[in-house]
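Here's upload-v8.txt, which has compact mmCIF, C-alpha atoms:
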# COMPACT_ATOMS: atom_id res chain seq x y z
CA MET A 1 2.26 -7.84 -4.82
CA LYS A 2 3.13 -4.33 -5.73
CA SER A 3 4.84 -2.98 -8.77
CA SER A 4 4.60 -1.02 -11.90
CA LYS A 5 1.98 -3.70 -12.03
CA SER A 6 0.55 -0.96 -9.90
CA LEU A 7 -0.62 0.25 -13.26
CA LEU A 8 -3.31 -2.35 -12.54
CA THR A 9 -5.65 -2.04 -9.57
CA PHE A 10 -9.01 -3.68 -9.29
CA LEU A 11 -11.41 -5.49 -7.00
CA LEU A 12 -13.43 -8.57 -7.86
CA ILE A 13 -16.58 -9.89 -6.19
CA GLY A 14 -16.54 -11.53 -2.76
CA LEU A 15 -13.32 -13.25 -1.76
CA PHE A 16 -11.84 -12.98 -5.24
CA LEU A 17 -9.51 -10.03 -4.88
CA ILE A 18 -7.07 -9.05 -7.58
CA ALA A 19 -5.01 -6.01 -6.80
CA THR A 20 -1.53 -4.72 -7.38
CA SER A 21 -1.43 -1.25 -5.97
CA THR A 22 -2.38 0.95 -3.15
CA THR A 23 -5.10 3.55 -3.39
CA ALA A 24 -5.58 4.85 -6.93
CA LEU A 25 -3.27 7.73 -7.79
CA ALA A 26 -2.63 10.06 -10.65
CA ALA A 27 -0.03 8.58 -13.00
CA VAL A 28 3.53 9.43 -11.97
CA GLU A 29 6.38 9.07 -14.46
CA ALA A 30 9.82 7.99 -13.29
CA TRP A 31 12.74 8.42 -15.69
CA THR A 32 16.25 7.06 -15.83
CA THR A 33 19.04 6.62 -18.36
CA ASP A 34 20.36 3.32 -19.65
CA PRO A 35 24.05 3.46 -18.64
CA ALA A 36 25.08 1.26 -21.58
CA THR A 37 23.39 3.21 -24.39
CA GLY A 38 22.57 6.58 -22.86
CA CYS A 39 18.95 6.37 -23.98
CA LYS A 40 16.19 7.65 -21.71
CA ILE A 41 13.51 5.30 -20.36
CA GLY A 42 10.32 6.22 -18.51
CA VAL A 43 8.09 4.02 -16.33
CA VAL A 44 4.59 5.05 -15.21
CA PHE A 45 3.59 4.20 -11.64
CA LEU A 46 0.10 4.29 -10.13
CA ALA A 47 1.17 3.32 -6.63
CA ASP A 48 2.65 5.40 -3.86
CA GLY A 49 6.27 5.05 -2.77
CA LEU A 50 7.76 3.23 -5.77
CA THR A 51 11.23 4.24 -6.95
CA LEU A 52 12.78 3.38 -10.31
CA VAL A 53 16.25 1.95 -9.57
CA SER A 54 17.56 1.18 -13.06
CA ALA A 55 16.46 0.40 -16.61
CA ASN A 56 17.99 -1.05 -19.77
CA TRP A 57 16.75 -1.04 -23.35
CA SER A 58 17.89 -3.34 -26.15
CA GLY A 59 16.32 -1.80 -29.21
CA PRO A 60 16.25 1.29 -31.41
CA THR A 61 16.27 4.84 -30.13
CA VAL A 62 14.94 8.10 -31.54
CA GLY A 63 16.08 11.43 -30.17
CA GLY A 64 17.90 9.75 -27.31
CA MET A 65 14.80 7.85 -26.17
CA ALA A 66 13.83 4.18 -26.45
CA GLU A 67 11.53 3.70 -29.45
CA GLY A 68 10.41 0.72 -31.51
CA LYS A 69 10.53 -3.00 -30.70
CA GLY A 70 13.04 -4.45 -28.27
CA THR A 71 13.71 -5.82 -24.81
CA LEU A 72 13.06 -3.64 -21.78
CA GLN A 73 14.41 -4.47 -18.33
CA PHE A 74 13.98 -2.39 -15.22
CA VAL A 75 14.17 -2.64 -11.45
CA TYR A 76 12.13 -0.68 -8.93
CA LYS A 77 11.77 -0.73 -5.15
CA ASP A 78 8.97 0.07 -2.73
CA LYS A 79 9.08 2.05 0.54
CA PRO A 80 10.34 -0.90 2.63
CA GLY A 81 13.17 -1.27 0.09
CA THR A 82 12.08 -4.51 -1.58
CA GLU A 83 13.23 -4.63 -5.18
CA THR A 84 11.27 -6.14 -8.07
CA LYS A 85 12.74 -6.98 -11.47
CA VAL A 86 10.74 -6.64 -14.68
CA GLN A 87 11.47 -7.87 -18.18
CA ALA A 88 9.41 -7.12 -21.28
CA GLU A 89 9.46 -7.81 -24.99
CA ALA A 90 7.75 -4.60 -25.95
CA GLU A 91 7.14 -1.67 -28.19
CA MET A 92 8.27 1.74 -26.98
CA LYS A 93 7.56 5.29 -28.07
CA ALA A 94 9.23 8.44 -26.74
CA GLY A 95 10.86 6.39 -23.98
CA LYS A 96 7.67 4.74 -22.64
CA LEU A 97 5.75 1.55 -23.27
CA ASP A 98 3.45 2.11 -26.23
CA GLY A 99 2.00 -0.73 -28.31
CA HIS A 100 2.11 -4.45 -27.59
CA ALA A 101 4.08 -5.75 -24.60
CA ASN A 102 4.69 -9.14 -23.02
CA ILE A 103 5.87 -8.47 -19.47
CA LYS A 104 7.03 -10.71 -16.63
CA TRP A 105 7.68 -9.71 -13.02
CA SER A 106 10.18 -11.47 -10.75
CA ASP A 107 7.37 -12.48 -8.36
CA GLY A 108 5.73 -14.63 -11.09
CA ASP A 109 3.04 -12.28 -12.41
CA SER A 110 2.75 -11.49 -16.11
CA PHE A 111 0.88 -9.30 -18.59
CA ASP A 112 0.35 -9.70 -22.32
CA GLY A 113 -1.44 -6.83 -23.98
CA ASN A 114 -1.36 -3.23 -25.10
CA TYR A 115 0.03 -0.03 -23.66
CA ARG A 116 -0.41 3.63 -24.52
CA GLU A 117 1.95 6.28 -23.17
CA GLY A 118 3.20 3.99 -20.43
CA GLN A 119 -0.17 2.68 -19.18
CA ARG A 120 -2.26 -0.35 -20.07
CA GLU A 121 -4.78 0.61 -22.71
CA GLY A 122 -6.94 -1.71 -24.83
CA ARG A 123 -6.97 -5.50 -24.68
CA GLY A 124 -4.80 -7.45 -22.29
CA VAL A 125 -4.41 -10.51 -20.07
CA PHE A 126 -2.98 -10.17 -16.58
CA LYS A 127 -1.98 -13.44 -14.85
CA PHE A 128 -1.02 -13.62 -11.20
CA ALA A 129 1.50 -16.13 -9.88
CA ASP A 130 -1.20 -17.78 -7.75
CA GLY A 131 -3.42 -18.46 -10.79
CA ARG A 132 -5.83 -15.48 -10.77
CA VAL A 133 -6.50 -13.93 -14.17
CA TYR A 134 -8.12 -10.87 -15.68
CA GLU A 135 -8.71 -10.83 -19.43
CA GLY A 136 -10.36 -7.88 -21.07
CA GLU A 137 -10.21 -4.15 -21.70
CA PHE A 138 -7.98 -1.66 -19.89
CA LYS A 139 -8.08 2.12 -19.65
CA ASN A 140 -5.62 4.37 -17.82
CA GLY A 141 -3.86 1.29 -16.52
CA LYS A 142 -6.96 -0.36 -15.00
CA PRO A 143 -9.65 -2.82 -16.14
CA ASP A 144 -12.30 -0.71 -17.84
CA GLY A 145 -14.82 -2.04 -20.35
CA TYR A 146 -15.70 -5.67 -20.93
CA GLY A 147 -13.60 -8.25 -19.10
CA ILE A 148 -13.56 -11.61 -17.33
CA GLY A 149 -12.00 -12.17 -13.91
CA LYS A 150 -11.20 -15.69 -12.72
CA ASP A 151 -10.07 -16.88 -9.32
CA ALA A 152 -7.05 -19.11 -8.65
CA ASN A 153 -9.14 -22.23 -9.39
CA GLY A 154 -10.25 -20.93 -12.77
CA LYS A 155 -13.78 -20.09 -11.60
CA VAL A 156 -15.29 -17.01 -13.22
CA ALA A 157 -15.81 -14.34 -10.56
CA HIS A 158 -17.07 -11.62 -12.88
CA ASP A 159 -17.94 -11.72 -16.56
CA GLY A 160 -19.13 -8.33 -17.74
CA GLN A 161 -18.41 -4.62 -17.53
CA TRP A 162 -15.67 -3.00 -15.46
CA LYS A 163 -15.19 0.64 -14.53
CA ASN A 164 -12.06 2.30 -13.15
CA GLY A 165 -10.64 -1.02 -12.01
CA GLU A 166 -13.81 -2.46 -10.46
CA PRO A 167 -16.44 -4.91 -11.74
CA VAL A 168 -19.78 -3.26 -12.51
CA LYS A 169 -22.90 -4.92 -11.13
CA ASP A 170 -26.42 -3.54 -11.48
CA GLY A 171 -24.99 -0.44 -13.10
CA GLN A 172 -22.59 0.35 -10.24
CA ALA A 173 -18.98 -0.60 -9.58
CA VAL A 174 -18.79 -3.26 -6.88
CA GLY A 175 -17.66 -1.69 -3.60
CA SER A 176 -18.52 1.80 -4.78
CA SER A 177 -20.98 4.21 -3.23
CA ALA A 178 -21.59 7.95 -3.33
CA GLY A 179 -18.86 8.45 -0.77
CA GLY A 180 -16.79 5.36 -1.59
CA ALA A 181 -16.86 2.08 0.30
CA LEU A 182 -15.02 2.11 3.63
CA LYS A 183 -14.15 -1.17 5.29
CA ALA A 184 -13.06 0.39 8.59
CA ASP A 185 -14.97 3.46 9.75
CA LYS A 186 -13.29 3.22 13.17
CA VAL A 187 -9.94 2.10 14.51
CA LEU A 188 -9.75 1.07 18.17
CA GLY A 189 -13.29 2.42 18.38
CA ILE A 190 -12.13 5.87 17.27
CA PRO A 191 -13.86 7.27 14.16
CA TRP A 192 -11.66 8.81 11.49
CA GLY A 193 -11.42 12.56 12.01
CA ALA A 194 -12.12 12.38 15.76
CA THR A 195 -10.73 15.23 17.82
CA ASP A 196 -7.99 14.94 20.38
CA GLU A 197 -10.42 14.86 23.30
CA GLN A 198 -12.85 12.46 21.63
CA ALA A 199 -10.05 9.98 20.96
CA LYS A 200 -8.67 10.27 24.47
CA ARG A 201 -12.11 9.60 25.96
CA ILE A 202 -12.56 6.46 23.86
CA MET A 203 -9.08 5.12 24.54
CA LYS A 204 -9.39 5.61 28.30
CA GLN A 205 -12.45 3.34 28.21
CA ARG A 206 -10.44 0.45 26.74
CA PRO A 207 -9.80 -2.21 29.39
CA LYS A 208 -6.27 -2.49 30.79
CA THR A 209 -5.06 0.40 28.64
CA ASP A 210 -2.81 3.05 30.18
CA TYR A 211 -2.45 6.59 28.84
CA PHE A 212 1.13 7.80 28.95
CA SER A 213 1.60 11.09 27.19
CA TYR A 214 0.67 13.58 24.51
CA LEU A 215 3.60 14.21 22.19
CA ASN A 216 4.56 16.48 19.31
CA GLY A 217 6.40 15.39 16.22
CA LYS A 218 9.00 17.45 14.35
CA ASP A 219 6.43 20.16 13.87
CA THR A 220 2.97 21.03 15.11
CA PHE A 221 1.14 19.32 12.27
CA ASP A 222 1.50 15.74 13.52
CA ARG A 223 0.71 15.18 17.21
CA TRP A 224 -0.07 11.94 18.95
CA HIS A 225 -1.19 10.20 22.12
CA TYR A 226 0.78 7.24 23.42
CA TYR A 227 -1.00 4.31 25.10
CA TYR A 228 0.01 0.90 26.37
CA GLY A 229 -2.36 -2.06 26.53
CA PRO A 230 -3.82 -5.14 24.80
CA TYR A 231 -4.68 -5.39 21.11
CA ALA A 232 -5.89 -8.37 19.05
CA ASP A 233 -5.73 -10.71 22.06
CA PHE A 234 -2.08 -9.83 22.66
CA PRO A 235 -0.93 -7.80 25.68
CA ASP A 236 1.77 -5.15 25.80
CA ALA A 237 0.91 -3.28 22.59
CA TRP A 238 2.32 0.19 22.08
CA ILE A 239 -0.42 2.34 20.58
CA TYR A 240 0.01 5.77 19.01
CA VAL A 241 -3.03 7.78 17.91
CA HIS A 242 -1.98 10.55 15.49
CA PHE A 243 -3.73 13.87 14.78
CA TYR A 244 -3.40 16.38 11.97
CA GLN A 245 -5.17 19.69 12.54
CA ASP A 246 -6.80 18.06 15.57
CA LYS A 247 -8.30 15.24 13.52
CA MET A 248 -7.35 11.60 13.91
CA TRP A 249 -5.69 10.40 10.72
CA MET A 250 -3.39 7.55 11.74
CA VAL A 251 -3.14 4.81 14.36
CA GLN A 252 -0.01 2.71 14.87
CA ILE A 253 0.04 -0.46 16.95
CA SER A 254 3.24 -2.40 17.58
CA TRP A 255 4.81 -5.01 19.84
CA PRO A 256 8.50 -5.24 20.79
CA LEU A 257 9.46 -8.88 20.19
CA LYS A 258 12.32 -11.31 20.30
CA GLU A 259 13.51 -12.66 16.96
CA ASN A 260 11.93 -16.08 17.48
CA GLU A 261 8.52 -14.43 18.14
CA VAL A 262 8.36 -12.06 15.19
CA LEU A 263 7.11 -14.24 12.34
CA ASP A 264 4.46 -16.02 14.42
CA ARG A 265 3.04 -12.68 15.57
CA PHE A 266 3.10 -11.31 12.01
CA ASN A 267 1.22 -14.33 10.64
CA ILE A 268 -1.41 -14.35 13.38
CA VAL A 269 -2.12 -10.64 12.94
CA LYS A 270 -2.19 -11.09 9.17
CA GLN A 271 -4.84 -13.80 9.53
CA GLY A 272 -6.94 -11.45 11.64
CA LEU A 273 -6.66 -8.58 9.16
CA THR A 274 -7.47 -10.92 6.26
CA ALA A 275 -10.54 -12.26 8.05
CA ARG A 276 -11.74 -8.68 8.57
CA TYR A 277 -10.78 -6.97 5.30
CA GLY A 278 -10.21 -9.76 2.79
CA ALA A 279 -7.00 -10.85 1.12
CA PRO A 280 -4.19 -8.26 1.19
CA MET A 281 -3.86 -6.10 -1.92
CA VAL A 282 -0.09 -6.22 -1.53
CA GLU A 283 1.77 -9.16 -0.04
CA LYS A 284 5.50 -9.58 -0.36
CA GLY A 285 8.76 -10.39 1.30
CA LYS A 286 9.92 -13.25 3.46
CA TYR A 287 10.72 -13.50 7.15
CA LEU A 288 11.97 -10.09 8.38
CA ASP A 289 10.96 -8.48 5.06
CA SER A 290 7.34 -9.69 5.29
CA TYR A 291 4.82 -7.02 4.36
CA GLY A 292 1.08 -6.76 3.72
CA LEU A 293 -1.26 -3.94 2.67
CA TRP A 294 -5.06 -3.66 2.66
CA ASP A 295 -7.02 -0.90 0.89
CA LEU A 296 -9.90 0.12 3.15
CA GLY A 297 -11.61 2.38 0.59
CA GLY A 298 -13.03 5.83 1.24
CA GLU A 299 -13.11 9.13 -0.60
CA GLY A 300 -10.11 10.74 -2.23
CA ARG A 301 -6.93 8.73 -1.74
CA GLY A 302 -8.80 6.72 0.86
CA TYR A 303 -7.65 4.67 3.85
CA THR A 304 -5.03 1.98 4.15
CA VAL A 305 -3.71 -0.51 6.69
CA THR A 306 -0.22 -1.98 6.47
CA LEU A 307 1.46 -4.79 8.37
CA MET A 308 5.23 -5.10 8.52
CA ILE A 309 8.26 -6.11 10.56
CA LYS A 310 10.78 -3.45 11.55
CA GLN A 311 13.79 -3.11 13.77
CA ASN A 312 12.85 -1.91 17.25
CA VAL A 313 14.15 1.63 17.62
CA ILE A 314 11.37 2.97 19.87
CA LYS A 315 12.12 3.52 23.53
CA ILE A 316 10.58 5.75 26.15
CA ALA A 317 13.72 6.48 28.13
CA ALA A 318 17.44 6.10 27.63
CA ALA A 319 17.48 3.31 30.20
CA ASP A 320 14.78 1.33 28.37
CA PRO A 321 16.47 -1.97 27.33
CA SER A 322 13.69 -3.05 24.91
CA THR A 323 15.74 -2.40 21.78
CA GLN A 324 18.38 -4.85 23.01
CA THR A 325 16.18 -7.58 24.53
CA HIS A 326 13.41 -7.27 21.92
CA PRO A 327 15.19 -6.15 18.73
CA PHE A 328 12.17 -6.30 16.39
CA ARG A 329 8.61 -4.99 16.16
CA VAL A 330 5.51 -6.05 14.31
CA PHE A 331 3.77 -2.84 13.16
CA ILE A 332 0.13 -2.32 12.16
CA THR A 333 -0.49 1.13 10.70
CA TYR A 334 -3.92 2.49 9.77
CA TYR A 335 -3.80 5.81 7.94
CA ASN A 336 -5.59 8.23 5.63
CA GLN A 337 -3.53 8.50 2.46
CA SER A 338 -4.75 12.00 1.56
CA VAL A 339 -3.68 13.37 4.93
CA ALA A 340 -0.39 11.50 4.68
CA ASP A 341 0.26 13.36 1.43
CA LEU A 342 -0.46 16.70 3.10
CA PHE A 343 1.66 15.90 6.14
CA ASN A 344 4.57 14.74 4.00
CA GLN A 345 4.38 17.95 2.02
CA THR A 346 4.55 20.13 5.14
CA ALA A 347 7.39 18.06 6.52
CA LYS A 348 9.62 18.68 3.48
CA PRO A 349 12.33 21.34 3.81
CA GLY A 350 10.82 24.56 2.57
CA GLY A 351 7.32 23.05 2.76
CA SER A 352 4.34 25.35 2.60
CA GLY A 353 3.18 24.71 6.16
CA SER A 354 -0.18 23.47 7.36
CA LYS A 355 -2.73 22.64 4.67
CA ASP A 356 -6.43 22.05 4.92
CA TYR A 357 -7.95 18.76 3.87

Would you mind writing the structure in this file as structure tokens?
Amino acid sequence: MKSSKSLLTFLLIGLFLIATSTTALAAVEAWTTDPATGCKIGVVFLADGLTLVSANWSGPTVGGMAEGKGTLQFVYKDKPGTETKVQAEAEMKAGKLDGHANIKWSDGDSFDGNYREGQREGRGVFKFADGRVYEGEFKNGKPDGYGIGKDANGKVAHDGQWKNGEPVKDGQAVGSSAGGALKADKVLGIPWGATDEQAKRIMKQRPKTDYFSYLNGKDTFDRWHYYYGPYADFPDAWIYVHFYQDKMWMVQISWPLKENEVLDRFNIVKQGLTARYGAPMVEKGKYLDSYGLWDLGGEGRGYTVTLMIKQNVIKIAAADPSTQTHPFRVFITYYNQSVADLFNQTAKPGGSGSKDY
């Protein structure tokens, strides 16, 4: 689940996980124009990679912007291209949600409560399609203040104070620490931030794992090692260990697969990731659009692992037939979101070059 619901992000105790976004971000406004009326509409996102596709407003306007009570409809898509439709009976001000709103998402989730300048603020009830519920106070789009979280069976998981999207227990947000909770301090035995040589040493110790090459990306900021070997009890994994400023920031593991193998591999790997990190924060799509995301915690923008199915476009040599005989891949990607932001910035045309993190 991922959406402008991404205005809501929070963790509950134990196995009760309610979440609708990736790592917490600063609010980003996306604007579009209703083609029927010409009025401007803005949506606030707190998740990375969401794009506002279209929006419509049936209600009054002031100064060319949606304002007052009416019906708001909009569509957005995430990085993989999955679209989500949203409909709300709501109050708007200066083009954004402001006041009471009753909102429904096409995946079955809903929210009934208050907004201020495009974000949840004040009392509200968020209901997930699978039965999970949070009822209580919101601030800056997240649970903050007194609230009650219930699991899919209606059992109360946390009744009390919340802070910045997390339940507070013994005066501290659950999962928080001075440096932020981190569910995976190593990937493939490699600690985050390891140097090129440290990572190579660790990977060469993995059984039945072959080192192939050290490669450069489009520029010198993203470099990677390529390995071939077993992962998660499956052989023949392609493993890329990425470095930014000689520090490990991303690991990608994938398998080239036939079409009848893809979904089984995705589901088995998903079970393994869920057993290790808990329920996915984002879970969407069907069959070849299946996608999952887990927030691993950490300082700043933190760490993330995603699981998805993609077309197989990777080949080592022109004669490699894998893209024809195995047209799909299951991808696991571990990455540091803060470094991803820096790398993406340097990769843009006219980017400012290497940045420190």

Discussion item. Could you tell me how far CA of Glu91 in chain A sits from CA of Arg116 in chain A, in Å to one decimal place?
Written reply: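 Answer for the CA of Arg116 in chain A to CA of Glu91 in chain A separation: 9.9 Å.
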
Worksheet entry | Pick from A:Glu197, A:Glu166, A:Asp109, A:Glu67 nearest to Ala90 in chain A, counting all atoms listed in the file |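 Distance minimum relative to Ala90 in chain A lands on A:Glu67.
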
Fill in: range 330-338 of chain A environment, 6 Å, only C-alpha atoms, sequence neighbours closer than 5 positions dropped, as a PyMOL selection string
chain A and resi 249-255+301-309

Worksheet, complete the sentence: Of A:Gly165, A:Gly118, A:Pro207, A:Pro256, the one nearest to Asp233 in chain A when counting only C-alpha atoms is A:Pro207

Item to complete: Around the point (15.6, -1.5, -22.5) in the file's coordinates, collect all residues with an atom within 8 Å, using all atoms listed in the file, and return them as a list of chain:residue names.
Response: A:Asp34, A:Ile41, A:Ala55, A:Asn56, A:Trp57, A:Ser58, A:Gly59, A:Ala66, A:Gly70, A:Thr71, A:Leu72, A:Gln73, A:Phe74

Fill in: Residue nearest Lys200 in chain A among A:Val53, A:Ala184, A:Val241, A:Val28 (counting only C-alpha atoms)
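Counting only C-alpha atoms, the residue closest to Lys200 in chain A is A:Val241.
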
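Excluding Gly49 in chain A itself and same-chain residues fewer than 6 positions from it, the residues having an atom within 10 Å of it are Thr22, Lys77, Asp78, Lys79, Pro80 and Gly81 of chain A, counting all atoms listed in the file.
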
Discussion item. Counting only C-alpha atoms, which residue out of A:Ile190, A:Ala47, A:Leu257, A:Trp294 sits closest to Ala275 in chain A?
Written reply: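 Once distances to Ala275 in chain A are computed over only C-alpha atoms, the minimum belongs to A:Trp294.
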
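Here CA of Gly189 in chain A and CA of Met203 in chain A stand 7.9 Å from one another.
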
Worksheet item: For Lys270 in chain A, which of A:Gly141, A:Gly292, A:Gly147, A:Gly68 is the closest residue, counting all atoms listed in the file?
Response: A:Gly292

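Take CA of Met248 in chain A and CA of Ala199 in chain A: the distance between them is 7.7 Å.
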
For range 97-104 of chain A, what centre and edge lengths in Å (one decimal) does the axis-aligned box get once 5 Å is added on each side of all its listed atoms, as lines of an AutoDock Vina configuration file?
center_x = 4.5
center_y = -4.3
center_z = -22.5
size_x = 15.0
size_y = 22.8
size_z = 21.7

Discussion item. Taking only C-alpha atoms into account, name the residue in A:Ser106, A:Gln245, A:Thr84, A:Thr325 that is nearest to Leu50 in chain A.
Written reply: A:Thr84

Discussion item. I'd like the neighbourhood of Pro235 in chain A as a PyMOL selection string, where a residue qualifies if any of its atoms comes within 10 Å (using all atoms listed in the file), though same-chain residues fewer than 5 positions away should be ignored.
Written reply: chain A and resi 208-209+228-230+255

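All protein, DNA and RNA residues at most 9 Å from (7.4, 4.2, -21.4) are Glu29, Trp31, Ile41, Gly42, Val43, Val44, Ala66, Glu91, Met92, Lys93, Ala94, Gly95, Lys96, Leu97, Asp98, Tyr115, Arg116, Glu117, Gly118 and Gln119 of chain A, using all atoms listed in the file.
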
Take the structure in the block and write a file for range 232-240 of chain A, all heavy atoms, as a PDB file, in the first residue's frame.
ATOM      1  N   ALA A 232      19.608 -16.924  -0.596  1.00  0.00           N
ATOM      2  CA  ALA A 232      18.304 -17.359  -0.069  1.00  0.00           C
ATOM      3  C   ALA A 232      17.944 -18.768  -0.535  1.00  0.00           C
ATOM      4  O   ALA A 232      16.811 -19.026  -0.944  1.00  0.00           O
ATOM      5  CB  ALA A 232      17.215 -16.369  -0.463  1.00  0.00           C
ATOM      6  N   ASP A 233      18.911 -19.670  -0.504  1.00  0.00           N
ATOM      7  CA  ASP A 233      18.712 -21.071  -0.859  1.00  0.00           C
ATOM      8  C   ASP A 233      18.470 -21.300  -2.346  1.00  0.00           C
ATOM      9  O   ASP A 233      18.129 -22.411  -2.765  1.00  0.00           O
ATOM     10  CB  ASP A 233      17.555 -21.697  -0.060  1.00  0.00           C
ATOM     11  CG  ASP A 233      17.845 -21.726   1.430  1.00  0.00           C
ATOM     12  OD1 ASP A 233      19.025 -21.891   1.794  1.00  0.00           O
ATOM     13  OD2 ASP A 233      16.889 -21.587   2.212  1.00  0.00           O
ATOM     14  N   PHE A 234      18.606 -20.249  -3.153  1.00  0.00           N
ATOM     15  CA  PHE A 234      18.468 -20.395  -4.597  1.00  0.00           C
ATOM     16  C   PHE A 234      19.819 -20.160  -5.258  1.00  0.00           C
ATOM     17  O   PHE A 234      20.530 -19.222  -4.919  1.00  0.00           O
ATOM     18  CB  PHE A 234      17.455 -19.395  -5.156  1.00  0.00           C
ATOM     19  CG  PHE A 234      16.037 -19.662  -4.741  1.00  0.00           C
ATOM     20  CD1 PHE A 234      15.430 -18.857  -3.800  1.00  0.00           C
ATOM     21  CD2 PHE A 234      15.319 -20.715  -5.289  1.00  0.00           C
ATOM     22  CE1 PHE A 234      14.124 -19.091  -3.404  1.00  0.00           C
ATOM     23  CE2 PHE A 234      14.015 -20.955  -4.902  1.00  0.00           C
ATOM     24  CZ  PHE A 234      13.407 -20.145  -3.958  1.00  0.00           C
ATOM     25  N   PRO A 235      20.187 -21.002  -6.234  1.00  0.00           N
ATOM     26  CA  PRO A 235      21.450 -20.794  -6.945  1.00  0.00           C
ATOM     27  C   PRO A 235      21.301 -19.710  -8.010  1.00  0.00           C
ATOM     28  O   PRO A 235      20.217 -19.151  -8.214  1.00  0.00           O
ATOM     29  CB  PRO A 235      21.701 -22.161  -7.594  1.00  0.00           C
ATOM     30  CG  PRO A 235      20.323 -22.699  -7.845  1.00  0.00           C
ATOM     31  CD  PRO A 235      19.466 -22.203  -6.695  1.00  0.00           C
ATOM     32  N   ASP A 236      22.394 -19.411  -8.657  1.00  0.00           N
ATOM     33  CA  ASP A 236      22.384 -18.608  -9.885  1.00  0.00           C
ATOM     34  C   ASP A 236      21.902 -17.176  -9.692  1.00  0.00           C
ATOM     35  O   ASP A 236      21.311 -16.584 -10.590  1.00  0.00           O
ATOM     36  CB  ASP A 236      21.506 -19.278 -10.960  1.00  0.00           C
ATOM     37  CG  ASP A 236      21.891 -20.727 -11.197  1.00  0.00           C
ATOM     38  OD1 ASP A 236      23.084 -21.027 -11.030  1.00  0.00           O
ATOM     39  OD2 ASP A 236      21.014 -21.535 -11.529  1.00  0.00           O
ATOM     40  N   ALA A 237      22.149 -16.593  -8.526  1.00  0.00           N
ATOM     41  CA  ALA A 237      21.776 -15.188  -8.310  1.00  0.00           C
ATOM     42  C   ALA A 237      22.834 -14.267  -8.913  1.00  0.00           C
ATOM     43  O   ALA A 237      24.033 -14.546  -8.843  1.00  0.00           O
ATOM     44  CB  ALA A 237      21.629 -14.894  -6.825  1.00  0.00           C
ATOM     45  N   TRP A 238      22.386 -13.193  -9.501  1.00  0.00           N
ATOM     46  CA  TRP A 238      23.274 -12.138  -9.974  1.00  0.00           C
ATOM     47  C   TRP A 238      23.313 -11.085  -8.870  1.00  0.00           C
ATOM     48  O   TRP A 238      22.267 -10.563  -8.470  1.00  0.00           O
ATOM     49  CB  TRP A 238      22.754 -11.529 -11.270  1.00  0.00           C
ATOM     50  CG  TRP A 238      22.730 -12.463 -12.434  1.00  0.00           C
ATOM     51  CD1 TRP A 238      22.469 -13.799 -12.424  1.00  0.00           C
ATOM     52  CD2 TRP A 238      22.969 -12.102 -13.799  1.00  0.00           C
ATOM     53  NE1 TRP A 238      22.522 -14.308 -13.699  1.00  0.00           N
ATOM     54  CE2 TRP A 238      22.822 -13.286 -14.567  1.00  0.00           C
ATOM     55  CE3 TRP A 238      23.264 -10.914 -14.449  1.00  0.00           C
ATOM     56  CZ2 TRP A 238      22.989 -13.298 -15.946  1.00  0.00           C
ATOM     57  CZ3 TRP A 238      23.420 -10.924 -15.826  1.00  0.00           C
ATOM     58  CH2 TRP A 238      23.293 -12.109 -16.560  1.00  0.00           C
ATOM     59  N   ILE A 239      24.487 -10.775  -8.392  1.00  0.00           N
ATOM     60  CA  ILE A 239      24.619  -9.891  -7.228  1.00  0.00           C
ATOM     61  C   ILE A 239      25.495  -8.699  -7.585  1.00  0.00           C
ATOM     62  O   ILE A 239      26.625  -8.858  -8.045  1.00  0.00           O
ATOM     63  CB  ILE A 239      25.244 -10.649  -6.039  1.00  0.00           C
ATOM     64  CG1 ILE A 239      24.405 -11.881  -5.688  1.00  0.00           C
ATOM     65  CG2 ILE A 239      25.388  -9.723  -4.829  1.00  0.00           C
ATOM     66  CD1 ILE A 239      25.080 -12.826  -4.713  1.00  0.00           C
ATOM     67  N   TYR A 240      24.956  -7.502  -7.392  1.00  0.00           N
ATOM     68  CA  TYR A 240      25.705  -6.268  -7.623  1.00  0.00           C
ATOM     69  C   TYR A 240      25.839  -5.523  -6.295  1.00  0.00           C
ATOM     70  O   TYR A 240      24.836  -5.248  -5.630  1.00  0.00           O
ATOM     71  CB  TYR A 240      24.991  -5.377  -8.642  1.00  0.00           C
ATOM     72  CG  TYR A 240      25.042  -5.909 -10.052  1.00  0.00           C
ATOM     73  CD1 TYR A 240      24.094  -6.816 -10.507  1.00  0.00           C
ATOM     74  CD2 TYR A 240      26.043  -5.501 -10.935  1.00  0.00           C
ATOM     75  CE1 TYR A 240      24.135  -7.314 -11.806  1.00  0.00           C
ATOM     76  CE2 TYR A 240      26.090  -5.984 -12.237  1.00  0.00           C
ATOM     77  CZ  TYR A 240      25.133  -6.887 -12.663  1.00  0.00           C
ATOM     78  OH  TYR A 240      25.188  -7.377 -13.943  1.00  0.00           O
TER      79      TYR A 240
END
